[in-house]
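Colleague: This is target-v3.csv, which holds CSV, C-alpha atoms and all ligand atoms:
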chain,number,residue,atom,x,y,z
A,1,MET,CA,-170.6,120.1,281.4
A,2,ILE,CA,-166.8,119.1,281.7
A,3,GLN,CA,-164.5,121.4,283.5
A,4,VAL,CA,-160.8,120.5,284.1
A,5,SER,CA,-158.5,122.6,286.1
A,6,LYS,CA,-155.0,122.2,287.5
A,7,LEU,CA,-155.3,118.5,286.7
A,8,VAL,CA,-152.2,116.3,287.4
A,9,TYR,CA,-152.2,112.5,287.2
A,10,ARG,CA,-149.4,110.2,288.4
A,11,TYR,CA,-149.2,106.6,287.3
A,12,THR,CA,-146.2,106.3,289.6
A,13,PRO,CA,-145.1,108.7,292.3
A,14,ALA,CA,-142.1,109.7,290.2
A,15,THR,CA,-144.0,110.6,287.0
A,16,ALA,CA,-146.6,113.3,286.7
A,17,ILE,CA,-148.7,114.2,283.7
A,18,ALA,CA,-150.1,117.8,283.8
A,19,PHE,CA,-153.1,118.7,281.7
A,20,PRO,CA,-154.2,122.2,280.4
A,21,ASP,CA,-157.3,123.7,281.9
A,22,PHE,CA,-160.4,123.5,279.6
A,23,THR,CA,-164.1,123.6,279.6
A,24,VAL,CA,-166.5,121.8,277.3
A,25,GLN,CA,-170.1,122.9,277.2
A,26,LYS,CA,-173.0,120.5,276.8
A,27,GLY,CA,-173.4,119.3,273.2
A,28,GLU,CA,-170.1,120.5,272.0
A,29,HIS,CA,-167.8,118.3,269.9
A,30,PHE,CA,-164.1,118.4,270.6
A,31,LEU,CA,-161.0,116.7,269.1
A,32,LEU,CA,-158.4,115.9,271.7
A,33,LEU,CA,-155.0,116.1,269.9
A,34,GLY,CA,-151.4,115.5,271.0
A,35,ASP,CA,-148.4,113.4,270.2
A,36,SER,CA,-148.2,109.8,271.3
A,37,GLY,CA,-147.6,109.6,275.1
A,38,SER,CA,-149.0,113.2,275.7
A,39,GLY,CA,-151.8,111.8,277.8
A,40,LYS,CA,-154.9,111.7,275.6
A,41,THR,CA,-156.1,108.3,276.8
A,42,THR,CA,-155.2,109.2,280.4
A,43,LEU,CA,-157.4,112.3,280.1
A,44,LEU,CA,-160.4,110.4,278.7
A,45,HIS,CA,-160.0,107.9,281.5
A,46,LEU,CA,-159.9,110.6,284.1
A,47,ALA,CA,-162.9,112.5,282.7
A,48,GLY,CA,-164.8,109.2,282.3
A,49,GLY,CA,-164.1,108.2,285.9
A,50,LEU,CA,-162.0,105.1,284.9
A,51,LEU,CA,-158.9,106.6,286.7
A,52,ARG,CA,-159.2,108.0,290.2
A,53,GLN,CA,-156.8,109.6,292.7
A,54,TYR,CA,-155.9,112.7,290.6
A,55,GLU,CA,-154.8,116.1,291.8
A,56,GLY,CA,-156.8,119.2,290.7
A,57,SER,CA,-160.3,119.2,289.6
A,58,VAL,CA,-162.5,117.3,287.1
A,59,VAL,CA,-166.1,118.4,287.2
A,60,VAL,CA,-168.5,116.5,285.0
A,61,ASP,CA,-172.2,117.5,284.9
A,62,GLY,CA,-171.7,119.5,288.1
A,63,THR,CA,-170.1,116.7,290.0
A,64,GLU,CA,-166.4,116.7,291.1
A,65,LEU,CA,-165.5,113.1,290.3
A,66,SER,CA,-163.1,112.7,293.2
A,67,THR,CA,-166.0,113.1,295.7
A,68,LEU,CA,-167.8,110.0,294.4
A,69,SER,CA,-167.3,106.6,295.9
A,70,GLU,CA,-166.2,103.8,293.6
A,71,THR,CA,-169.8,102.5,293.4
A,72,ALA,CA,-171.3,105.9,292.8
A,73,LEU,CA,-168.7,106.5,290.1
A,74,ASP,CA,-169.6,103.2,288.4
A,75,HIS,CA,-173.2,104.3,288.4
A,76,PHE,CA,-172.4,107.7,287.2
A,77,ARG,CA,-170.3,106.3,284.3
A,78,GLY,CA,-172.9,103.7,283.3
A,79,LYS,CA,-175.7,106.3,283.1
A,80,LYS,CA,-174.0,109.3,281.7
A,81,ILE,CA,-170.9,108.2,279.7
A,82,GLY,CA,-170.4,106.1,276.5
A,83,PHE,CA,-166.9,105.0,275.7
A,84,VAL,CA,-165.6,103.9,272.2
A,85,PHE,CA,-162.2,102.4,272.6
A,86,GLN,CA,-159.5,102.0,270.0
A,87,ARG,CA,-159.7,98.2,270.3
A,88,ASN,CA,-163.4,97.7,270.5
A,89,HIS,CA,-163.5,95.5,273.6
A,90,LEU,CA,-166.5,93.5,272.3
A,91,ILE,CA,-167.1,90.1,273.8
A,92,SER,CA,-166.2,87.6,271.2
A,93,ALA,CA,-168.3,84.8,272.6
A,94,LEU,CA,-171.5,86.9,272.2
A,95,SER,CA,-173.6,88.0,269.2
A,96,VAL,CA,-173.9,91.7,268.2
A,97,GLU,CA,-177.2,92.0,270.0
A,98,GLN,CA,-176.0,90.3,273.1
A,99,ASN,CA,-173.0,92.7,273.2
A,100,LEU,CA,-175.4,95.6,273.0
A,101,MET,CA,-177.7,94.2,275.7
A,102,LEU,CA,-174.8,94.3,278.2
A,103,SER,CA,-174.8,98.1,278.1
A,104,PRO,CA,-178.2,98.7,279.8
A,105,TYR,CA,-177.7,95.6,281.9
A,106,LEU,CA,-174.5,96.9,283.4
A,107,ALA,CA,-176.0,100.3,284.0
A,108,GLU,CA,-179.1,98.7,285.6
A,109,LEU,CA,-181.3,100.3,283.0
A,110,PRO,CA,-184.4,98.6,281.5
A,111,LEU,CA,-183.8,96.6,278.4
A,112,ASP,CA,-185.5,98.1,275.4
A,113,HIS,CA,-185.4,95.8,272.3
A,114,ALA,CA,-187.1,98.4,270.1
A,115,HIS,CA,-184.3,100.9,270.9
A,116,ILE,CA,-181.6,98.3,270.1
A,117,THR,CA,-183.3,97.8,266.7
A,118,GLU,CA,-183.3,101.5,266.1
A,119,VAL,CA,-179.6,101.9,266.9
A,120,LEU,CA,-178.7,98.8,264.8
A,121,ASP,CA,-180.7,100.3,261.9
A,122,ALA,CA,-179.1,103.7,262.2
A,123,LEU,CA,-175.7,102.2,262.1
A,124,GLY,CA,-176.4,99.9,259.1
A,125,LEU,CA,-176.0,96.7,261.3
A,126,GLU,CA,-179.6,95.4,261.2
A,127,ASN,CA,-178.5,92.3,259.2
A,128,LYS,CA,-175.7,91.5,261.7
A,129,ARG,CA,-177.9,91.4,264.8
A,130,ASN,CA,-177.4,87.7,265.5
A,131,SER,CA,-173.8,87.4,264.1
A,132,ARG,CA,-170.9,86.6,266.4
A,133,VAL,CA,-168.7,89.6,266.6
A,134,THR,CA,-165.7,87.5,265.5
A,135,THR,CA,-167.3,87.3,262.1
A,136,LEU,CA,-167.4,91.1,261.6
A,137,SER,CA,-165.1,93.3,259.6
A,138,GLN,CA,-163.1,95.9,261.5
A,139,GLY,CA,-165.4,98.7,260.3
A,140,GLN,CA,-168.5,96.7,261.3
A,141,ALA,CA,-167.0,95.9,264.7
A,142,GLN,CA,-166.2,99.6,265.3
A,143,ARG,CA,-169.8,100.4,264.4
A,144,VAL,CA,-171.0,97.9,267.0
A,145,ALA,CA,-168.7,99.5,269.5
A,146,ILE,CA,-170.4,102.9,268.7
A,147,ALA,CA,-173.8,101.3,269.0
A,148,ARG,CA,-172.9,100.0,272.4
A,149,ALA,CA,-171.5,103.4,273.5
A,150,VAL,CA,-174.6,105.3,272.5
A,151,LEU,CA,-177.3,102.8,273.5
A,152,ASN,CA,-177.9,104.2,277.0
A,153,LYS,CA,-178.3,107.7,275.4
A,154,PRO,CA,-175.2,109.0,277.3
A,155,SER,CA,-174.8,112.8,277.8
A,156,ILE,CA,-171.1,112.4,277.0
A,157,ILE,CA,-169.4,110.2,274.4
A,158,PHE,CA,-165.6,109.6,274.7
A,159,ALA,CA,-163.9,108.0,271.7
A,160,ASP,CA,-160.3,107.0,271.9
A,161,GLU,CA,-158.6,106.7,268.4
A,162,PRO,CA,-161.9,105.3,266.9
A,163,THR,CA,-160.6,105.5,263.3
A,164,SER,CA,-156.9,104.9,263.3
A,165,ALA,CA,-157.3,101.2,262.2
A,166,LEU,CA,-159.9,102.1,259.5
A,167,ASP,CA,-159.6,102.8,255.8
A,168,ASP,CA,-160.8,106.2,254.5
A,169,LYS,CA,-164.3,105.0,253.7
A,170,ASN,CA,-164.9,103.4,257.1
A,171,CYS,CA,-163.1,106.4,258.8
A,172,ASP,CA,-165.6,108.8,257.2
A,173,ARG,CA,-168.5,106.6,258.1
A,174,VAL,CA,-167.5,106.1,261.8
A,175,VAL,CA,-167.0,109.9,262.3
A,176,SER,CA,-170.3,110.7,260.7
A,177,LEU,CA,-172.0,108.0,262.9
A,178,LEU,CA,-170.4,109.4,266.0
A,179,LEU,CA,-171.5,113.0,265.1
A,180,ASP,CA,-175.0,111.8,264.2
A,181,ALA,CA,-175.3,109.8,267.5
A,182,ALA,CA,-174.0,112.8,269.5
A,183,ARG,CA,-176.5,115.2,267.7
A,184,LEU,CA,-179.4,112.9,268.2
A,185,HIS,CA,-179.3,113.1,272.0
A,186,GLY,CA,-177.4,116.4,272.3
A,187,SER,CA,-174.5,114.5,273.7
A,188,THR,CA,-171.1,116.1,274.3
A,189,LEU,CA,-168.5,114.3,272.1
A,190,ILE,CA,-164.7,114.2,272.7
A,191,VAL,CA,-162.6,112.2,270.2
A,192,ALA,CA,-158.9,111.6,271.1
A,193,THR,CA,-156.8,111.0,268.0
A,194,HIS,CA,-153.7,111.6,266.0
A,195,ASP,CA,-155.6,110.7,262.8
A,196,GLN,CA,-155.1,113.8,260.5
A,197,ARG,CA,-158.2,112.9,258.6
A,198,LEU,CA,-160.4,114.0,261.5
A,199,LYS,CA,-158.9,117.5,261.8
A,200,SER,CA,-161.6,119.3,259.9
A,201,LYS,CA,-164.5,117.3,261.1
A,202,LEU,CA,-165.1,118.5,264.7
A,203,GLN,CA,-165.7,122.1,265.8
A,204,HIS,CA,-163.2,122.5,268.6
A,205,GLN,CA,-159.8,121.2,269.7
A,206,ILE,CA,-158.0,120.6,272.9
A,207,ARG,CA,-154.2,120.1,272.3
A,208,LEU,CA,-152.0,118.3,274.8
A,209,THR,CA,-148.3,118.9,274.8
A,210,ALA,CA,-146.2,116.3,276.6
A,211,ALA,CA,-145.9,118.6,279.6
A,212,HIS,CA,-144.9,116.1,282.2
A,213,GLU,CA,-144.3,117.9,285.4
A,214,PRO,CA,-141.2,117.1,287.4
A,215,ALA,CA,-142.4,115.0,290.3
A,301,LIG,N1,-150.8,102.1,283.1
A,301,LIG,C1,-149.7,102.9,283.0
A,301,LIG,N2,-148.7,102.9,283.9
A,301,LIG,C2,-147.7,103.7,283.8
A,301,LIG,N3,-147.6,104.7,282.9
A,301,LIG,C3,-148.6,104.8,282.0
A,301,LIG,C4,-149.7,103.9,282.0
A,301,LIG,N4,-150.5,104.3,281.0
A,301,LIG,C5,-149.9,105.3,280.4
A,301,LIG,N5,-148.8,105.6,281.0
A,301,LIG,C6,-147.9,106.7,280.6
A,301,LIG,O1,-148.6,107.9,280.6
A,301,LIG,C7,-148.2,108.8,279.5
A,301,LIG,C8,-149.5,109.1,278.7
A,301,LIG,O2,-150.0,108.0,278.1
A,301,LIG,P1,-151.4,108.0,277.3
A,301,LIG,O3,-151.6,106.6,276.9
A,301,LIG,O4,-152.4,108.7,278.1
A,301,LIG,O5,-150.9,108.9,276.0
A,301,LIG,P2,-151.7,109.0,274.6
A,301,LIG,O6,-151.5,110.5,274.2
A,301,LIG,O7,-153.0,108.5,274.7
A,301,LIG,O8,-150.7,108.1,273.7
A,301,LIG,P3,-151.1,107.3,272.3
A,301,LIG,O9,-151.5,108.4,271.3
A,301,LIG,O10,-149.8,106.7,272.0
A,301,LIG,O11,-152.2,106.4,272.6
A,301,LIG,C9,-147.2,108.0,278.7
A,301,LIG,O12,-145.9,108.5,279.1
A,301,LIG,C10,-147.4,106.6,279.1
A,301,LIG,O13,-146.2,105.9,279.1
Kindly present the structure from the file in structure tokens form.
Ligand SMILES: Nc1ncnc2c1ncn2[C@@H]1O[C@H](COP(=O)(O)OP(=O)(O)OP(=O)(O)O)[C@@H](O)[C@H]1O

Modeller:
Amino acid sequence: MIQVSKLVYRYTPATAIAFPDFTVQKGEHFLLLGDSGSGKTTLLHLAGGLLRQYEGSVVVDGTELSTLSETALDHFRGKKIGFVFQRNHLISALSVEQNLMLSPYLAELPLDHAHITEVLDALGLENKRNSRVTTLSQGQAQRVAIARAVLNKPSIIFADEPTSALDDKNCDRVVSLLLDAARLHGSTLIVATHDQRLKSKLQHQIRLTAAHEPA
């Protein structure tokens, strides 16, 4: 499902971040661990097709991402991948439901109001459907971000520090929701974190050391 080998990424010609080889099978749940600056966000962005121009190989669902054009990559990402970011990137001028509607719209998928209702119910957000996202608590906003990420039934969910800003109760809830959402559609789940509270919650781990290659 995801195969990374000999992967190196350079933000500038003088700095190179080298990643360990790993394979993640369909439906597996992984924690991506490593110190601050070790490259966790960079790796999620590479595997999710948000960063291009890498050295080595990133194969997702049988496709080497570097072979896709920018447009094909956008399409691939919209259909197959759900992102949950640390800062939730919700659009503050819109309601919860309108934020969710953007997901299928951007992926050019049909709008399914019944499915939006299902997802809102599952995440305990049914009474927030018409609320502006600026009126939500941090835990609620993170649940909306999860709802948006899983709405298109992605085969892969990437979550970048989804719990670090949350108290223990919301942390537990968000992890359970991510795992439930992943299990529901058999999605592969990779959670990047240095939140120690998550260590026992996912089956497998990928550990990054700050192995920055000399340029
Ligand atoms: N846009 C950028 N331009 C230049 N360098 C960058 C950029 N983004 C990240 N880096 C560098 O790449 C390295 C890896 O950063 P990255 O954000 O992937 O690490 P991380 O493990 O996710 O860190 P954190 O846990 O603090 O979020 C760091 O040395 C960082 O300074």

Colleague: What lies within 9 Å of Leu73 (chain A) using all atoms listed in the file, ignoring chain neighbours under 5 positions off, as a PyMOL selection string?

Modeller: chain A and resi 49-50+65-66+68+78

Colleague: Fewer than 4 positions away in the same chain doesn't count, so skip those; otherwise give me all residues within 12 Å of region 54-62 of chain A, counting all atoms listed in the file, as an MDAnalysis selection string.

Modeller: chainID A and resid 1:13 16:27 42:50 66:68 73 76:77 79:81 154:156 187:188

Colleague: Output C-alpha atoms for every residue in that selection, as a PDB file, in the frame of the given file.

Modeller:
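Final output, saved to part_20.pdb:
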ATOM      1  CA  MET A   1    -170.600 120.100 281.400  1.00  0.00           C
ATOM      2  CA  ILE A   2    -166.800 119.100 281.700  1.00  0.00           C
ATOM      3  CA  GLN A   3    -164.500 121.400 283.500  1.00  0.00           C
ATOM      4  CA  VAL A   4    -160.800 120.500 284.100  1.00  0.00           C
ATOM      5  CA  SER A   5    -158.500 122.600 286.100  1.00  0.00           C
ATOM      6  CA  LYS A   6    -155.000 122.200 287.500  1.00  0.00           C
ATOM      7  CA  LEU A   7    -155.300 118.500 286.700  1.00  0.00           C
ATOM      8  CA  VAL A   8    -152.200 116.300 287.400  1.00  0.00           C
ATOM      9  CA  TYR A   9    -152.200 112.500 287.200  1.00  0.00           C
ATOM     10  CA  ARG A  10    -149.400 110.200 288.400  1.00  0.00           C
ATOM     11  CA  TYR A  11    -149.200 106.600 287.300  1.00  0.00           C
ATOM     12  CA  THR A  12    -146.200 106.300 289.600  1.00  0.00           C
ATOM     13  CA  PRO A  13    -145.100 108.700 292.300  1.00  0.00           C
ATOM     14  CA  ALA A  16    -146.600 113.300 286.700  1.00  0.00           C
ATOM     15  CA  ILE A  17    -148.700 114.200 283.700  1.00  0.00           C
ATOM     16  CA  ALA A  18    -150.100 117.800 283.800  1.00  0.00           C
ATOM     17  CA  PHE A  19    -153.100 118.700 281.700  1.00  0.00           C
ATOM     18  CA  PRO A  20    -154.200 122.200 280.400  1.00  0.00           C
ATOM     19  CA  ASP A  21    -157.300 123.700 281.900  1.00  0.00           C
ATOM     20  CA  PHE A  22    -160.400 123.500 279.600  1.00  0.00           C
ATOM     21  CA  THR A  23    -164.100 123.600 279.600  1.00  0.00           C
ATOM     22  CA  VAL A  24    -166.500 121.800 277.300  1.00  0.00           C
ATOM     23  CA  GLN A  25    -170.100 122.900 277.200  1.00  0.00           C
ATOM     24  CA  LYS A  26    -173.000 120.500 276.800  1.00  0.00           C
ATOM     25  CA  GLY A  27    -173.400 119.300 273.200  1.00  0.00           C
ATOM     26  CA  THR A  42    -155.200 109.200 280.400  1.00  0.00           C
ATOM     27  CA  LEU A  43    -157.400 112.300 280.100  1.00  0.00           C
ATOM     28  CA  LEU A  44    -160.400 110.400 278.700  1.00  0.00           C
ATOM     29  CA  HIS A  45    -160.000 107.900 281.500  1.00  0.00           C
ATOM     30  CA  LEU A  46    -159.900 110.600 284.100  1.00  0.00           C
ATOM     31  CA  ALA A  47    -162.900 112.500 282.700  1.00  0.00           C
ATOM     32  CA  GLY A  48    -164.800 109.200 282.300  1.00  0.00           C
ATOM     33  CA  GLY A  49    -164.100 108.200 285.900  1.00  0.00           C
ATOM     34  CA  LEU A  50    -162.000 105.100 284.900  1.00  0.00           C
ATOM     35  CA  SER A  66    -163.100 112.700 293.200  1.00  0.00           C
ATOM     36  CA  THR A  67    -166.000 113.100 295.700  1.00  0.00           C
ATOM     37  CA  LEU A  68    -167.800 110.000 294.400  1.00  0.00           C
ATOM     38  CA  LEU A  73    -168.700 106.500 290.100  1.00  0.00           C
ATOM     39  CA  PHE A  76    -172.400 107.700 287.200  1.00  0.00           C
ATOM     40  CA  ARG A  77    -170.300 106.300 284.300  1.00  0.00           C
ATOM     41  CA  LYS A  79    -175.700 106.300 283.100  1.00  0.00           C
ATOM     42  CA  LYS A  80    -174.000 109.300 281.700  1.00  0.00           C
ATOM     43  CA  ILE A  81    -170.900 108.200 279.700  1.00  0.00           C
ATOM     44  CA  PRO A 154    -175.200 109.000 277.300  1.00  0.00           C
ATOM     45  CA  SER A 155    -174.800 112.800 277.800  1.00  0.00           C
ATOM     46  CA  ILE A 156    -171.100 112.400 277.000  1.00  0.00           C
ATOM     47  CA  SER A 187    -174.500 114.500 273.700  1.00  0.00           C
ATOM     48  CA  THR A 188    -171.100 116.100 274.300  1.00  0.00           C
TER      49      THR A 188
END

Colleague: Taking a cut-off of 6 Å and counting all atoms listed in the file, can you build a table that, for each residue of chain A near ligand LIG 301 (chain A), reports the nearest atom pair and how far apart they are in Å (one decimal), sorted by chain then residue number, as a Markdown table?

Modeller:
| residue | atom | partner | partner_atom | distance |
| --- | --- | --- | --- | --- |
| A:Tyr11 | CA | A:LIG301 | C2 | 4.8 |
| A:Gly34 | CA | A:LIG301 | O6 | 5.9 |
| A:Asp35 | CA | A:LIG301 | O6 | 5.8 |
| A:Ser36 | CA | A:LIG301 | O10 | 3.6 |
| A:Gly37 | CA | A:LIG301 | O5 | 3.5 |
| A:Ser38 | CA | A:LIG301 | O6 | 4.0 |
| A:Gly39 | CA | A:LIG301 | O4 | 3.2 |
| A:Lys40 | CA | A:LIG301 | O7 | 3.8 |
| A:Thr41 | CA | A:LIG301 | O7 | 3.7 |
| A:Thr42 | CA | A:LIG301 | O4 | 3.7 |

Colleague: Enter the distance from CA of Ser95 (chain A) to CA of His113 (chain A), in Å, rounded to one decimal.

Modeller: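 Taking CA of Ser95 (chain A) as the start and CA of His113 (chain A) as the end point, the length is 14.5 Å.
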
Colleague: Interatomic distance between CA of Asp160 (chain A) and CA of Ser92 (chain A)?

Modeller: 20.3 Å

Colleague: Quick one: pull the distance between CA of Val175 (chain A) and CA of Thr117 (chain A), Å, one decimal.

Modeller: 20.8 Å

Colleague: Name all residues at most 12 Å from Ser200 (chain A) (count all atoms listed in the file; drop same-chain ones fewer than 5 positions away) and give them as a list in words.

Modeller: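 Contacts, in chain order: His29, Phe30, Leu31, Asp172, Val175, Asp195 and Gln205 of chain A.
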
Colleague: Any chance you can output those residues with C-alpha atoms as an mmCIF file, in the coordinates of the input?

Modeller:
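Wrote selection.cif, looks like this:
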data_model
loop_
_atom_site.group_PDB
_atom_site.id
_atom_site.type_symbol
_atom_site.label_atom_id
_atom_site.label_comp_id
_atom_site.auth_asym_id
_atom_site.auth_seq_id
_atom_site.Cartn_x
_atom_site.Cartn_y
_atom_site.Cartn_z
ATOM 1 C CA HIS A 29 -167.800 118.300 269.900
ATOM 2 C CA PHE A 30 -164.100 118.400 270.600
ATOM 3 C CA LEU A 31 -161.000 116.700 269.100
ATOM 4 C CA ASP A 172 -165.600 108.800 257.200
ATOM 5 C CA VAL A 175 -167.000 109.900 262.300
ATOM 6 C CA ASP A 195 -155.600 110.700 262.800
ATOM 7 C CA GLN A 205 -159.800 121.200 269.700
#

Colleague: Could you add the missing atoms to region 45-73 of chain A, up to N, CA and C atoms, and return them as a CSV table (one decimal), keeping the file's coordinate frame?

Modeller:
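Output contents, as saved in result-v8.csv:
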chain,number,residue,atom,x,y,z
A,45,HIS,N,-159.8,108.8,280.4
A,45,HIS,CA,-160.0,107.9,281.5
A,45,HIS,C,-160.3,108.7,282.8
A,46,LEU,N,-159.6,109.8,282.9
A,46,LEU,CA,-159.9,110.6,284.1
A,46,LEU,C,-161.3,111.2,284.0
A,47,ALA,N,-161.6,111.8,282.9
A,47,ALA,CA,-162.9,112.5,282.7
A,47,ALA,C,-164.0,111.5,282.7
A,48,GLY,N,-163.7,110.3,282.3
A,48,GLY,CA,-164.8,109.2,282.3
A,48,GLY,C,-164.8,108.4,283.6
A,49,GLY,N,-164.0,108.8,284.6
A,49,GLY,CA,-164.1,108.2,285.9
A,49,GLY,C,-163.5,106.8,285.9
A,50,LEU,N,-162.7,106.5,284.9
A,50,LEU,CA,-162.0,105.1,284.9
A,50,LEU,C,-160.7,105.2,285.7
A,51,LEU,N,-160.1,106.4,285.9
A,51,LEU,CA,-158.9,106.6,286.7
A,51,LEU,C,-159.3,107.5,287.8
A,52,ARG,N,-158.8,107.2,289.0
A,52,ARG,CA,-159.2,108.0,290.2
A,52,ARG,C,-157.9,108.6,290.8
A,53,GLN,N,-158.0,109.2,291.9
A,53,GLN,CA,-156.8,109.6,292.7
A,53,GLN,C,-156.0,110.7,291.9
A,54,TYR,N,-156.6,111.7,291.3
A,54,TYR,CA,-155.9,112.7,290.6
A,54,TYR,C,-155.8,113.9,291.5
A,55,GLU,N,-154.9,114.8,291.1
A,55,GLU,CA,-154.8,116.1,291.8
A,55,GLU,C,-155.5,117.1,290.9
A,56,GLY,N,-156.0,118.2,291.5
A,56,GLY,CA,-156.8,119.2,290.7
A,56,GLY,C,-158.2,118.9,290.7
A,57,SER,N,-158.9,119.3,289.6
A,57,SER,CA,-160.3,119.2,289.6
A,57,SER,C,-160.8,118.7,288.2
A,58,VAL,N,-161.8,117.7,288.3
A,58,VAL,CA,-162.5,117.3,287.1
A,58,VAL,C,-164.0,117.3,287.5
A,59,VAL,N,-164.7,118.3,286.9
A,59,VAL,CA,-166.1,118.4,287.2
A,59,VAL,C,-166.9,117.9,286.0
A,60,VAL,N,-167.7,116.9,286.1
A,60,VAL,CA,-168.5,116.5,285.0
A,60,VAL,C,-170.0,116.6,285.4
A,61,ASP,N,-170.7,117.3,284.6
A,61,ASP,CA,-172.2,117.5,284.9
A,61,ASP,C,-172.4,118.0,286.3
A,62,GLY,N,-171.6,118.9,286.7
A,62,GLY,CA,-171.7,119.5,288.1
A,62,GLY,C,-171.2,118.7,289.2
A,63,THR,N,-170.6,117.5,288.9
A,63,THR,CA,-170.1,116.7,290.0
A,63,THR,C,-168.5,116.6,290.0
A,64,GLU,N,-167.9,116.9,291.1
A,64,GLU,CA,-166.4,116.7,291.1
A,64,GLU,C,-166.2,115.2,291.3
A,65,LEU,N,-165.6,114.6,290.3
A,65,LEU,CA,-165.5,113.1,290.3
A,65,LEU,C,-164.8,112.5,291.5
A,66,SER,N,-163.9,113.3,292.1
A,66,SER,CA,-163.1,112.7,293.2
A,66,SER,C,-164.0,112.6,294.5
A,67,THR,N,-165.2,113.2,294.5
A,67,THR,CA,-166.0,113.1,295.7
A,67,THR,C,-166.9,111.9,295.6
A,68,LEU,N,-166.9,111.2,294.5
A,68,LEU,CA,-167.8,110.0,294.4
A,68,LEU,C,-167.1,108.8,294.9
A,69,SER,N,-167.8,107.9,295.6
A,69,SER,CA,-167.3,106.6,295.9
A,69,SER,C,-167.1,105.8,294.7
A,70,GLU,N,-166.4,104.7,294.8
A,70,GLU,CA,-166.2,103.8,293.6
A,70,GLU,C,-167.5,103.3,293.0
A,71,THR,N,-168.5,103.0,293.9
A,71,THR,CA,-169.8,102.5,293.4
A,71,THR,C,-170.5,103.6,292.8
A,72,ALA,N,-170.5,104.8,293.4
A,72,ALA,CA,-171.3,105.9,292.8
A,72,ALA,C,-170.7,106.3,291.5
A,73,LEU,N,-169.3,106.2,291.4
A,73,LEU,CA,-168.7,106.5,290.1
A,73,LEU,C,-169.1,105.5,289.0
